[in-house]
Amino acid sequence: MSFFPKIAFQYEVEEYLTKVFRNNELISALGTQEAENKYQSLLSHLSHPPRFTTVRVNTHLASVKHTKKLLFEEIQKQFKGLCVPVLEHPKLQDILLIPVIGPRRDLKKHASEVIVGAQCGYAVLRGAHVYVPGIVSTSRFVKAGDLVSVYSDIEGKCKRGAKEFDGVKVFLGNGISEFSRSEIFSSSGPLKGLGIRMVEPVYLSPSFDNVLPSHLFLQNLPSVVVSHILNPQPGEKILDMCAAPGGKTTHLATLMHDQGEVIAMDKIANKVKKIKQNAELLQLNCIKAFCYDGTKALSVKKREDKQEGPPFLPESFDRILLDAPCSGMGQRPNMAYSSTLKEVTSYQPLQRKLFTVAVQLLKPGGVLVYSTCTITLSENEEQVAWALKTFPCLQLHPQEPHIGGEGMKGAGLSLDQLKLLQRFDPSAVTLQGMDITSLQNSREDDLISLANKDCIGFFIAKFIK
């Protein structure tokens with residue numbers, strides 16, 4: 001049952017998506033009603049958080065068993081003794097899964113309100129506390145120590161510092177304010193640090209603020225699958241073309257036992273800094289991060305012998321990960337998607353430029369994995385059809401592990417080709433909550449199966465050159 005409203009799109013984007021999910025191939029295969037039901041279910045799922053929190057263990061520094069024990073103790077402490085299990089995944093042996101309890105429908109709402117921005121609100125729904133920069137407004141007389149109800153301004157219409165807000169807002173739970181209203185909106189400049197400590201969130205997920213920071217990396221399940229599919233080997237030279245913030249980069253380095261070379265690129269300097277910080281925190285030495293535009297990473301002339309960074313000569317890499325910039329429509333939770341149709345459709349040509357460079361940088365026999373965190377055909381299956389037509393040297397290859405569903409119809413790919421793709425579609429399961437009783441009555445196998453499906457929207461294709 002839906003707790004939040006379905007995700008809202010701008011009119012043109014909604015029209016565009018409706019055509020995507022009612023395309024002729026899909027209607028022929030499923031029927032009009034079934035296709036429509038799946039699409040509406042997807043829209044409902046996107047506005048709710050996944051039912052599991054996924055963390056990847058840094059196996060370079062610690063064992064999964066040891067980290068699991070430490071994490072279980074931490075969660076018991078956070079949840080005041082509530083016994084929520086920490087699950088190991090049989091096919092992804094470096095991740096731990098924590099079921100999310102909620103939505104909790106019986107929470108009392110308080111007169112004192114705090115309004116937070118949409119992005120802050122989504123983080124709260126996945127276990128975060130509220131930090132001061134995320135606070136948009138508070139009730140008039142909020143003081144430090146007050147119990148407040150926290151709401152998300154999903155449409156971004158609340159004015160900063162407002163004393164009340166009657167627009168569209170979504171209840172996120174209750175917390176204790178660390179500051180007074182006057183301190184939060186001080187004229188001497190914005191404060192930093194923890195603003196509201198969430199004590200009764202609508203969705204009960206553990207907070208990972210400074211929790212085992214060198215042992216754990218918070219990462220969505222399909223994002224972990226990608227690195228396993230690329231399957232880097234010790235001693236190889238790997239390229240992560242659009243690497244920030246470094247979750248997949250550090251995972252690749254870990255899978256290689258920190259032996260070989262992982263080149264990470266991103267064109268935004270602050271993001272490259274974050275990759276380097278994550279590599280240092282996780283004590284991985286084989287990562288070299290560069291601020292560089294991936295579309296220009298192919299060198300047309302001879303390189304200096306000692307040149308480490310981009311651009312690179314053709315056929316320089318054993319394996320390449322292109323986790324491409326995308327429209328991001330698979331991210332959850334998201335209740336109001338603000339991008340225009342022009343922005344949504346701008347990604348396909350950029351992805352093709354990056355892909356073209358990747359093919360040229362890959363050695364013969366090398367592996368190229370393409371992935372996105374979105375749900376459109378144009379950025380996913382259509383890109384595969386284009387790649388196979390444009391680059392005869394590429395073959396679509398089976399993926400291991402294969403945890404998601406097959407590709408979506410509508411891009412003219414054969415049934416055999418669709419089976420080689422992975423599309424993680426949260427609408428594959430019924431949208432429902434989880435309480436502690438239903439959790440304790442569930443079999444572990446059923447919980448793992450649910451975690452595989454009720455994740456973010458994601459797409460993966462694997463090619464061999």
# chains A, B, ... in the order shown; residues from 1 in each chain; ligands from 1
call {"tool": "residues_around", "arguments": {"residues": "range 74-90 of chain A", "least_positions_apart": "5", "cutoff": "8 Å", "atoms": "only C-alpha atoms", "output": "JSON, numbers by chain"}}
result
{"A": [68, 95, 96, 97, 98, 99, 206, 207, 211, 436, 444, 448]}
call {"tool": "residues_around", "arguments": {"residues": "Leu368 in chain A", "least_positions_apart": "3", "cutoff": "7 Å", "atoms": "only C-alpha atoms", "output": "compact mmCIF listing (two decimals) with N, CA, C and O atoms, in the first residue's frame"}}
result
# COMPACT_ATOMS: atom_id res chain seq x y z
N ARG A 319 39.87 -3.74 -18.76
CA ARG A 319 38.43 -3.65 -18.49
C ARG A 319 38.06 -2.20 -18.26
O ARG A 319 38.84 -1.43 -17.67
N ILE A 320 36.84 -1.85 -18.68
CA ILE A 320 36.37 -0.47 -18.51
C ILE A 320 34.96 -0.50 -17.95
O ILE A 320 34.09 -1.23 -18.44
N LEU A 321 34.75 0.32 -16.92
CA LEU A 321 33.40 0.55 -16.39
C LEU A 321 32.93 1.92 -16.85
O LEU A 321 33.59 2.93 -16.57
N LYS A 462 26.84 -5.92 -20.39
CA LYS A 462 28.25 -6.33 -20.43
C LYS A 462 28.62 -6.72 -21.86
O LYS A 462 27.93 -7.50 -22.50
N PHE A 463 29.73 -6.14 -22.32
CA PHE A 463 30.22 -6.41 -23.68
C PHE A 463 31.64 -6.96 -23.62
O PHE A 463 32.42 -6.59 -22.75
N ILE A 464 31.98 -7.82 -24.60
CA ILE A 464 33.35 -8.25 -24.82
C ILE A 464 33.80 -7.74 -26.19
O ILE A 464 33.05 -7.81 -27.17
call {"tool": "select_by_dssp", "arguments": {"residues": "range 45-231 of chain A", "states": "helix (DSSP H, G or I)", "output": "PyMOL selection string"}}
result
chain A and resi 45-46+64-78+118-125+132-134+181-184+221-230
call {"tool": "write_last_selection", "arguments": {"atoms": "C-alpha atoms", "output": "mmCIF file, in the first residue's frame"}}
result
data_model
loop_
_atom_site.group_PDB
_atom_site.id
_atom_site.type_symbol
_atom_site.label_atom_id
_atom_site.label_comp_id
_atom_site.auth_asym_id
_atom_site.auth_seq_id
_atom_site.Cartn_x
_atom_site.Cartn_y
_atom_site.Cartn_z
ATOM 1 C CA HIS A 45 7.787 2.483 -5.713
ATOM 2 C CA LEU A 46 9.999 5.387 -6.798
ATOM 3 C CA VAL A 64 32.484 -9.865 6.471
ATOM 4 C CA LYS A 65 31.826 -11.983 9.607
ATOM 5 C CA HIS A 66 33.690 -9.588 11.905
ATOM 6 C CA THR A 67 32.073 -6.504 10.349
ATOM 7 C CA LYS A 68 28.637 -8.118 10.563
ATOM 8 C CA LYS A 69 29.087 -8.650 14.315
ATOM 9 C CA LEU A 70 30.175 -5.025 14.855
ATOM 10 C CA LEU A 71 27.314 -3.712 12.715
ATOM 11 C CA PHE A 72 24.705 -5.824 14.522
ATOM 12 C CA GLU A 73 25.893 -4.420 17.867
ATOM 13 C CA GLU A 74 25.756 -0.858 16.499
ATOM 14 C CA ILE A 75 22.208 -1.315 15.149
ATOM 15 C CA GLN A 76 20.991 -2.773 18.454
ATOM 16 C CA LYS A 77 22.430 0.293 20.189
ATOM 17 C CA GLN A 78 20.770 2.698 17.716
ATOM 18 C CA ALA A 118 13.707 17.468 -0.708
ATOM 19 C CA GLN A 119 17.232 15.990 -0.927
ATOM 20 C CA CYS A 120 17.667 16.199 2.837
ATOM 21 C CA GLY A 121 14.245 14.584 3.232
ATOM 22 C CA TYR A 122 15.182 11.642 1.026
ATOM 23 C CA ALA A 123 18.334 11.089 3.084
ATOM 24 C CA VAL A 124 16.238 11.085 6.284
ATOM 25 C CA LEU A 125 13.979 8.393 4.793
ATOM 26 C CA VAL A 132 21.573 22.361 9.534
ATOM 27 C CA PRO A 133 22.175 23.188 5.831
ATOM 28 C CA GLY A 134 19.158 20.996 4.964
ATOM 29 C CA ARG A 181 15.370 28.865 15.429
ATOM 30 C CA SER A 182 17.463 32.036 15.901
ATOM 31 C CA GLU A 183 20.695 29.989 15.863
ATOM 32 C CA ILE A 184 19.692 28.067 12.731
ATOM 33 C CA LEU A 221 22.688 -3.274 -4.212
ATOM 34 C CA PRO A 222 22.791 -2.944 -8.048
ATOM 35 C CA SER A 223 25.833 -0.644 -7.751
ATOM 36 C CA VAL A 224 27.666 -3.473 -6.012
ATOM 37 C CA VAL A 225 26.561 -5.962 -8.690
ATOM 38 C CA VAL A 226 28.226 -3.818 -11.408
ATOM 39 C CA SER A 227 31.741 -4.267 -10.053
ATOM 40 C CA HIS A 228 31.304 -8.024 -9.677
ATOM 41 C CA ILE A 229 30.167 -8.212 -13.308
ATOM 42 C CA LEU A 230 33.239 -6.297 -14.507
#
call {"tool": "select_by_dssp", "arguments": {"residues": "range 1-86 of chain A", "states": "strand (DSSP E)", "output": "number ranges by chain"}}
result
A: 52-57
call {"tool": "write_last_selection", "arguments": {"atoms": "C-alpha atoms", "output": "tab-separated table (two decimals), in the first residue's frame"}}
result
chain	number	residue	atom	x	y	z
A	52	PHE	CA	16.74	-2.76	2.68
A	53	THR	CA	19.82	-0.72	3.45
A	54	THR	CA	22.84	-2.19	1.66
A	55	VAL	CA	26.40	-1.75	2.89
A	56	ARG	CA	29.51	-3.08	1.20
A	57	VAL	CA	32.22	-4.41	3.49
call {"tool": "residues_around", "arguments": {"residues": "Cys242 in chain A", "least_positions_apart": "6", "cutoff": "12 Å", "atoms": "only C-alpha atoms", "output": "PyMOL selection string"}}
result
chain A and resi 248-249+263-268+271-272+275+289-295+297+320-326+350-351+354-355+358+370-372
call {"tool": "write_last_selection", "arguments": {"atoms": "N, CA, C and O atoms", "output": "short mmCIF file (atom, residue, chain, number, x, y, z; two decimals), in the first residue's frame"}}
result
data_model
loop_
_atom_site.label_atom_id
_atom_site.label_comp_id
_atom_site.auth_asym_id
_atom_site.auth_seq_id
_atom_site.Cartn_x
_atom_site.Cartn_y
_atom_site.Cartn_z
N LYS A 248 32.15 2.55 -6.66
CA LYS A 248 32.51 1.45 -7.56
C LYS A 248 34.03 1.40 -7.74
O LYS A 248 34.61 0.31 -7.84
N THR A 249 34.68 2.56 -7.78
CA THR A 249 36.15 2.60 -7.93
C THR A 249 36.82 1.82 -6.80
O THR A 249 37.69 0.98 -7.04
N ILE A 263 42.29 3.41 -12.78
CA ILE A 263 42.26 4.81 -13.16
C ILE A 263 40.83 5.31 -13.02
O ILE A 263 39.91 4.77 -13.64
N ALA A 264 40.64 6.33 -12.20
CA ALA A 264 39.31 6.90 -11.98
C ALA A 264 39.28 8.31 -12.54
O ALA A 264 40.16 9.12 -12.25
N MET A 265 38.25 8.60 -13.34
CA MET A 265 38.14 9.94 -13.93
C MET A 265 36.79 10.55 -13.58
O MET A 265 35.77 9.87 -13.53
N ASP A 266 36.80 11.85 -13.38
CA ASP A 266 35.57 12.63 -13.31
C ASP A 266 35.93 14.06 -13.68
O ASP A 266 37.05 14.50 -13.40
N LYS A 267 35.01 14.78 -14.31
CA LYS A 267 35.38 16.11 -14.79
C LYS A 267 35.14 17.22 -13.76
O LYS A 267 35.42 18.38 -14.04
N ILE A 268 34.63 16.87 -12.57
CA ILE A 268 34.39 17.87 -11.53
C ILE A 268 35.41 17.69 -10.42
O ILE A 268 35.50 16.62 -9.79
N LYS A 271 34.56 16.38 -6.91
CA LYS A 271 34.19 14.96 -6.92
C LYS A 271 35.44 14.08 -6.98
O LYS A 271 35.48 13.01 -6.37
N VAL A 272 36.44 14.53 -7.71
CA VAL A 272 37.71 13.78 -7.77
C VAL A 272 38.38 13.77 -6.40
O VAL A 272 38.93 12.76 -5.96
N ILE A 275 36.80 11.08 -4.40
CA ILE A 275 37.31 9.75 -4.76
C ILE A 275 38.62 9.48 -4.02
O ILE A 275 38.82 8.41 -3.44
N ALA A 289 43.28 8.90 -9.32
CA ALA A 289 42.10 9.68 -9.73
C ALA A 289 42.52 10.95 -10.45
O ALA A 289 43.46 11.64 -10.03
N PHE A 290 41.82 11.27 -11.54
CA PHE A 290 42.15 12.44 -12.36
C PHE A 290 40.89 13.24 -12.68
O PHE A 290 39.83 12.66 -12.96
N CYS A 291 41.05 14.55 -12.65
CA CYS A 291 39.97 15.45 -13.07
C CYS A 291 40.06 15.59 -14.58
O CYS A 291 40.96 16.28 -15.09
N TYR A 292 39.14 14.92 -15.29
CA TYR A 292 39.23 14.89 -16.74
C TYR A 292 37.88 14.52 -17.34
O TYR A 292 37.12 13.75 -16.78
N ASP A 293 37.61 15.09 -18.51
CA ASP A 293 36.37 14.81 -19.24
C ASP A 293 36.54 13.51 -20.03
O ASP A 293 37.39 13.41 -20.91
N GLY A 294 35.73 12.50 -19.69
CA GLY A 294 35.83 11.20 -20.32
C GLY A 294 35.66 11.21 -21.82
O GLY A 294 36.22 10.35 -22.52
N THR A 295 34.92 12.18 -22.35
CA THR A 295 34.71 12.23 -23.81
C THR A 295 36.00 12.62 -24.54
O THR A 295 36.09 12.45 -25.76
N ALA A 297 39.14 11.49 -23.44
CA ALA A 297 40.17 10.66 -22.81
C ALA A 297 40.99 9.83 -23.78
O ALA A 297 41.91 9.12 -23.38
N ILE A 320 36.84 -1.85 -18.68
CA ILE A 320 36.37 -0.47 -18.51
C ILE A 320 34.96 -0.50 -17.95
O ILE A 320 34.09 -1.23 -18.44
N LEU A 321 34.75 0.32 -16.92
CA LEU A 321 33.40 0.55 -16.39
C LEU A 321 32.93 1.92 -16.85
O LEU A 321 33.59 2.93 -16.57
N LEU A 322 31.80 1.94 -17.56
CA LEU A 322 31.16 3.20 -17.91
C LEU A 322 29.82 3.26 -17.18
O LEU A 322 28.80 2.79 -17.66
N ASP A 323 29.88 3.75 -15.95
CA ASP A 323 28.66 4.02 -15.18
C ASP A 323 28.26 5.44 -15.56
O ASP A 323 28.70 6.41 -14.96
N ALA A 324 27.45 5.53 -16.60
CA ALA A 324 27.30 6.79 -17.34
C ALA A 324 26.46 7.83 -16.60
O ALA A 324 25.53 7.48 -15.86
N PRO A 325 26.76 9.13 -16.83
CA PRO A 325 25.85 10.18 -16.37
C PRO A 325 24.48 9.90 -16.97
O PRO A 325 24.38 9.55 -18.16
N CYS A 326 23.42 10.02 -16.17
CA CYS A 326 22.09 9.66 -16.67
C CYS A 326 21.02 10.51 -16.01
O CYS A 326 21.32 11.32 -15.14
N LEU A 350 25.41 12.22 -24.91
CA LEU A 350 26.61 12.24 -24.06
C LEU A 350 27.08 10.81 -23.77
O LEU A 350 28.27 10.50 -23.85
N GLN A 351 26.13 9.93 -23.45
CA GLN A 351 26.48 8.53 -23.17
C GLN A 351 27.14 7.88 -24.39
O GLN A 351 28.09 7.10 -24.25
N LEU A 354 30.81 9.01 -24.71
CA LEU A 354 31.63 8.31 -23.73
C LEU A 354 31.84 6.85 -24.13
O LEU A 354 32.95 6.31 -24.05
N PHE A 355 30.78 6.22 -24.61
CA PHE A 355 30.84 4.81 -25.02
C PHE A 355 31.82 4.63 -26.18
O PHE A 355 32.62 3.70 -26.20
N ALA A 358 35.23 4.72 -24.88
CA ALA A 358 35.50 3.50 -24.11
C ALA A 358 35.86 2.33 -25.02
O ALA A 358 36.81 1.59 -24.74
N TYR A 370 28.52 -1.31 -19.10
CA TYR A 370 27.78 -0.04 -19.19
C TYR A 370 26.63 -0.11 -18.20
O TYR A 370 25.89 -1.11 -18.17
N SER A 371 26.46 0.93 -17.40
CA SER A 371 25.37 0.93 -16.42
C SER A 371 24.81 2.33 -16.23
O SER A 371 25.48 3.33 -16.47
N THR A 372 23.54 2.38 -15.80
CA THR A 372 22.89 3.65 -15.43
C THR A 372 21.98 3.38 -14.24
O THR A 372 21.60 2.23 -13.97
#
call {"tool": "atom_distance", "arguments": {"atom1": "CA of Asn23 in chain A", "atom2": "CA of Lys353 in chain A"}}
result
26.3 Å
call {"tool": "residues_around", "arguments": {"residues": "range 385-398 of chain A", "least_positions_apart": "4", "cutoff": "9 Å", "atoms": "only C-alpha atoms", "output": "PDB file with all heavy atoms, in the first residue's frame"}}
result
ATOM      1  N   ARG A 352      26.662   8.232 -25.583  1.00  0.00           N
ATOM      2  CA  ARG A 352      27.238   7.640 -26.804  1.00  0.00           C
ATOM      3  C   ARG A 352      28.658   8.146 -27.065  1.00  0.00           C
ATOM      4  O   ARG A 352      29.518   7.386 -27.529  1.00  0.00           O
ATOM      5  CB  ARG A 352      26.319   7.913 -27.995  1.00  0.00           C
ATOM      6  CG  ARG A 352      25.034   7.126 -27.893  1.00  0.00           C
ATOM      7  CD  ARG A 352      24.129   7.248 -29.101  1.00  0.00           C
ATOM      8  NE  ARG A 352      22.934   6.414 -28.896  1.00  0.00           N
ATOM      9  CZ  ARG A 352      21.959   6.246 -29.775  1.00  0.00           C
ATOM     10  NH1 ARG A 352      22.028   6.860 -30.964  1.00  0.00           N
ATOM     11  NH2 ARG A 352      20.924   5.478 -29.498  1.00  0.00           N
ATOM     12  N   PHE A 355      30.777   6.218 -24.611  1.00  0.00           N
ATOM     13  CA  PHE A 355      30.839   4.813 -25.017  1.00  0.00           C
ATOM     14  C   PHE A 355      31.818   4.634 -26.180  1.00  0.00           C
ATOM     15  O   PHE A 355      32.621   3.695 -26.196  1.00  0.00           O
ATOM     16  CB  PHE A 355      29.433   4.341 -25.413  1.00  0.00           C
ATOM     17  CG  PHE A 355      29.284   2.847 -25.462  1.00  0.00           C
ATOM     18  CD1 PHE A 355      28.698   2.158 -24.419  1.00  0.00           C
ATOM     19  CD2 PHE A 355      29.739   2.121 -26.564  1.00  0.00           C
ATOM     20  CE1 PHE A 355      28.558   0.772 -24.461  1.00  0.00           C
ATOM     21  CE2 PHE A 355      29.603   0.743 -26.618  1.00  0.00           C
ATOM     22  CZ  PHE A 355      29.015   0.059 -25.559  1.00  0.00           C
ATOM     23  N   THR A 356      31.765   5.549 -27.144  1.00  0.00           N
ATOM     24  CA  THR A 356      32.651   5.479 -28.315  1.00  0.00           C
ATOM     25  C   THR A 356      34.121   5.546 -27.894  1.00  0.00           C
ATOM     26  O   THR A 356      34.971   4.801 -28.394  1.00  0.00           O
ATOM     27  CB  THR A 356      32.318   6.626 -29.293  1.00  0.00           C
ATOM     28  OG1 THR A 356      30.958   6.488 -29.710  1.00  0.00           O
ATOM     29  CG2 THR A 356      33.220   6.603 -30.514  1.00  0.00           C
ATOM     30  N   VAL A 359      35.131   2.164 -26.108  1.00  0.00           N
ATOM     31  CA  VAL A 359      35.400   1.053 -27.040  1.00  0.00           C
ATOM     32  C   VAL A 359      36.814   1.167 -27.597  1.00  0.00           C
ATOM     33  O   VAL A 359      37.544   0.165 -27.708  1.00  0.00           O
ATOM     34  CB  VAL A 359      34.360   1.040 -28.184  1.00  0.00           C
ATOM     35  CG1 VAL A 359      34.738   0.006 -29.254  1.00  0.00           C
ATOM     36  CG2 VAL A 359      32.963   0.740 -27.642  1.00  0.00           C
ATOM     37  N   PRO A 364      41.520  -5.560 -27.260  1.00  0.00           N
ATOM     38  CA  PRO A 364      40.789  -6.702 -27.823  1.00  0.00           C
ATOM     39  C   PRO A 364      40.679  -7.820 -26.777  1.00  0.00           C
ATOM     40  O   PRO A 364      41.659  -8.117 -26.075  1.00  0.00           O
ATOM     41  CB  PRO A 364      41.661  -7.138 -29.001  1.00  0.00           C
ATOM     42  CG  PRO A 364      42.433  -5.908 -29.377  1.00  0.00           C
ATOM     43  CD  PRO A 364      42.683  -5.177 -28.088  1.00  0.00           C
ATOM     44  N   GLU A 381      18.288   0.100 -22.989  1.00  0.00           N
ATOM     45  CA  GLU A 381      18.209  -0.886 -24.076  1.00  0.00           C
ATOM     46  C   GLU A 381      18.487  -0.281 -25.444  1.00  0.00           C
ATOM     47  O   GLU A 381      19.105  -0.926 -26.296  1.00  0.00           O
ATOM     48  CB  GLU A 381      16.841  -1.569 -24.065  1.00  0.00           C
ATOM     49  CG  GLU A 381      16.625  -2.533 -22.904  1.00  0.00           C
ATOM     50  CD  GLU A 381      16.168  -1.879 -21.619  1.00  0.00           C
ATOM     51  OE1 GLU A 381      16.062  -0.622 -21.569  1.00  0.00           O
ATOM     52  OE2 GLU A 381      15.918  -2.608 -20.643  1.00  0.00           O
ATOM     53  N   HIS A 402      23.700 -12.755 -12.011  1.00  0.00           N
ATOM     54  CA  HIS A 402      22.514 -12.185 -12.659  1.00  0.00           C
ATOM     55  C   HIS A 402      21.385 -12.180 -11.627  1.00  0.00           C
ATOM     56  O   HIS A 402      20.763 -13.211 -11.365  1.00  0.00           O
ATOM     57  CB  HIS A 402      22.126 -13.000 -13.898  1.00  0.00           C
ATOM     58  CG  HIS A 402      21.289 -12.209 -14.874  1.00  0.00           C
ATOM     59  ND1 HIS A 402      20.042 -11.734 -14.561  1.00  0.00           N
ATOM     60  CD2 HIS A 402      21.539 -11.774 -16.133  1.00  0.00           C
ATOM     61  CE1 HIS A 402      19.555 -11.060 -15.598  1.00  0.00           C
ATOM     62  NE2 HIS A 402      20.448 -11.063 -16.566  1.00  0.00           N
ATOM     63  N   ALA A 411      13.149  -1.681 -27.670  1.00  0.00           N
ATOM     64  CA  ALA A 411      14.312  -1.169 -28.412  1.00  0.00           C
ATOM     65  C   ALA A 411      14.683  -2.068 -29.586  1.00  0.00           C
ATOM     66  O   ALA A 411      15.723  -1.871 -30.209  1.00  0.00           O
ATOM     67  CB  ALA A 411      15.503  -1.017 -27.466  1.00  0.00           C
ATOM     68  N   GLY A 412      13.852  -3.068 -29.874  1.00  0.00           N
ATOM     69  CA  GLY A 412      14.113  -3.945 -31.013  1.00  0.00           C
ATOM     70  C   GLY A 412      15.131  -5.030 -30.760  1.00  0.00           C
ATOM     71  O   GLY A 412      15.580  -5.688 -31.699  1.00  0.00           O
ATOM     72  N   LEU A 413      15.508  -5.251 -29.507  1.00  0.00           N
ATOM     73  CA  LEU A 413      16.456  -6.325 -29.189  1.00  0.00           C
ATOM     74  C   LEU A 413      15.720  -7.661 -29.162  1.00  0.00           C
ATOM     75  O   LEU A 413      14.531  -7.736 -28.837  1.00  0.00           O
ATOM     76  CB  LEU A 413      17.113  -6.066 -27.829  1.00  0.00           C
ATOM     77  CG  LEU A 413      18.018  -4.833 -27.739  1.00  0.00           C
ATOM     78  CD1 LEU A 413      18.392  -4.551 -26.296  1.00  0.00           C
ATOM     79  CD2 LEU A 413      19.278  -5.017 -28.577  1.00  0.00           C
ATOM     80  N   GLN A 417      18.885 -11.508 -26.480  1.00  0.00           N
ATOM     81  CA  GLN A 417      19.683 -10.336 -26.084  1.00  0.00           C
ATOM     82  C   GLN A 417      19.143  -9.721 -24.789  1.00  0.00           C
ATOM     83  O   GLN A 417      19.919  -9.340 -23.908  1.00  0.00           O
ATOM     84  CB  GLN A 417      19.676  -9.299 -27.215  1.00  0.00           C
ATOM     85  CG  GLN A 417      20.516  -9.717 -28.414  1.00  0.00           C
ATOM     86  CD  GLN A 417      20.329  -8.794 -29.608  1.00  0.00           C
ATOM     87  OE1 GLN A 417      19.243  -8.261 -29.835  1.00  0.00           O
ATOM     88  NE2 GLN A 417      21.387  -8.608 -30.383  1.00  0.00           N
ATOM     89  N   LYS A 419      17.704 -11.187 -22.389  1.00  0.00           N
ATOM     90  CA  LYS A 419      18.041 -12.056 -21.249  1.00  0.00           C
ATOM     91  C   LYS A 419      19.473 -11.843 -20.772  1.00  0.00           C
ATOM     92  O   LYS A 419      19.817 -12.194 -19.640  1.00  0.00           O
ATOM     93  CB  LYS A 419      17.828 -13.522 -21.626  1.00  0.00           C
ATOM     94  CG  LYS A 419      16.352 -13.905 -21.686  1.00  0.00           C
ATOM     95  CD  LYS A 419      16.169 -15.333 -22.171  1.00  0.00           C
ATOM     96  CE  LYS A 419      14.678 -15.667 -22.271  1.00  0.00           C
ATOM     97  NZ  LYS A 419      14.454 -16.981 -22.915  1.00  0.00           N
ATOM     98  N   LEU A 420      20.334 -11.311 -21.630  1.00  0.00           N
ATOM     99  CA  LEU A 420      21.724 -11.046 -21.248  1.00  0.00           C
ATOM    100  C   LEU A 420      21.879  -9.734 -20.467  1.00  0.00           C
ATOM    101  O   LEU A 420      22.935  -9.477 -19.883  1.00  0.00           O
ATOM    102  CB  LEU A 420      22.618 -11.010 -22.496  1.00  0.00           C
ATOM    103  CG  LEU A 420      22.748 -12.335 -23.264  1.00  0.00           C
ATOM    104  CD1 LEU A 420      23.538 -12.122 -24.548  1.00  0.00           C
ATOM    105  CD2 LEU A 420      23.406 -13.404 -22.400  1.00  0.00           C
ATOM    106  N   LEU A 421      20.837  -8.906 -20.479  1.00  0.00           N
ATOM    107  CA  LEU A 421      20.870  -7.619 -19.778  1.00  0.00           C
ATOM    108  C   LEU A 421      20.296  -7.780 -18.370  1.00  0.00           C
ATOM    109  O   LEU A 421      19.581  -8.730 -18.086  1.00  0.00           O
ATOM    110  CB  LEU A 421      20.050  -6.580 -20.550  1.00  0.00           C
ATOM    111  CG  LEU A 421      20.418  -6.394 -22.026  1.00  0.00           C
ATOM    112  CD1 LEU A 421      19.436  -5.435 -22.699  1.00  0.00           C
ATOM    113  CD2 LEU A 421      21.851  -5.882 -22.147  1.00  0.00           C
ATOM    114  N   ALA A 461      24.660  -3.630 -18.753  1.00  0.00           N
ATOM    115  CA  ALA A 461      24.974  -4.409 -19.963  1.00  0.00           C
ATOM    116  C   ALA A 461      26.476  -4.717 -19.949  1.00  0.00           C
ATOM    117  O   ALA A 461      27.293  -3.863 -19.582  1.00  0.00           O
ATOM    118  CB  ALA A 461      24.604  -3.642 -21.214  1.00  0.00           C
ATOM    119  N   LYS A 462      26.837  -5.923 -20.386  1.00  0.00           N
ATOM    120  CA  LYS A 462      28.248  -6.329 -20.430  1.00  0.00           C
ATOM    121  C   LYS A 462      28.620  -6.715 -21.855  1.00  0.00           C
ATOM    122  O   LYS A 462      27.927  -7.502 -22.503  1.00  0.00           O
ATOM    123  CB  LYS A 462      28.467  -7.532 -19.493  1.00  0.00           C
ATOM    124  CG  LYS A 462      29.901  -8.055 -19.502  1.00  0.00           C
ATOM    125  CD  LYS A 462      30.019  -9.273 -18.585  1.00  0.00           C
ATOM    126  CE  LYS A 462      31.436  -9.839 -18.605  1.00  0.00           C
ATOM    127  NZ  LYS A 462      31.561 -11.030 -17.740  1.00  0.00           N
ATOM    128  N   PHE A 463      29.734  -6.136 -22.325  1.00  0.00           N
ATOM    129  CA  PHE A 463      30.222  -6.405 -23.676  1.00  0.00           C
ATOM    130  C   PHE A 463      31.638  -6.955 -23.615  1.00  0.00           C
ATOM    131  O   PHE A 463      32.422  -6.589 -22.748  1.00  0.00           O
ATOM    132  CB  PHE A 463      30.258  -5.109 -24.506  1.00  0.00           C
ATOM    133  CG  PHE A 463      28.939  -4.402 -24.633  1.00  0.00           C
ATOM    134  CD1 PHE A 463      28.554  -3.463 -23.674  1.00  0.00           C
ATOM    135  CD2 PHE A 463      28.097  -4.649 -25.704  1.00  0.00           C
ATOM    136  CE1 PHE A 463      27.336  -2.783 -23.806  1.00  0.00           C
ATOM    137  CE2 PHE A 463      26.882  -3.976 -25.841  1.00  0.00           C
ATOM    138  CZ  PHE A 463      26.517  -3.059 -24.889  1.00  0.00           C
ATOM    139  N   ILE A 464      31.976  -7.817 -24.603  1.00  0.00           N
ATOM    140  CA  ILE A 464      33.354  -8.251 -24.821  1.00  0.00           C
ATOM    141  C   ILE A 464      33.801  -7.738 -26.187  1.00  0.00           C
ATOM    142  O   ILE A 464      33.053  -7.813 -27.166  1.00  0.00           O
ATOM    143  CB  ILE A 464      33.480  -9.806 -24.809  1.00  0.00           C
ATOM    144  CG1 ILE A 464      32.952 -10.382 -23.497  1.00  0.00           C
ATOM    145  CG2 ILE A 464      34.919 -10.232 -25.068  1.00  0.00           C
ATOM    146  CD1 ILE A 464      33.874 -10.282 -22.325  1.00  0.00           C
ATOM    147  N   LYS A 465      35.009  -7.191 -26.243  1.00  0.00           N
ATOM    148  CA  LYS A 465      35.545  -6.666 -27.519  1.00  0.00           C
ATOM    149  C   LYS A 465      36.329  -7.750 -28.239  1.00  0.00           C
ATOM    150  O   LYS A 465      37.281  -8.289 -27.674  1.00  0.00           O
ATOM    151  CB  LYS A 465      36.434  -5.456 -27.250  1.00  0.00           C
ATOM    152  CG  LYS A 465      36.971  -4.794 -28.510  1.00  0.00           C
ATOM    153  CD  LYS A 465      37.779  -3.555 -28.147  1.00  0.00           C
ATOM    154  CE  LYS A 465      38.385  -2.890 -29.370  1.00  0.00           C
ATOM    155  NZ  LYS A 465      39.183  -1.708 -29.041  1.00  0.00           N
TER     156      LYS A 465
END
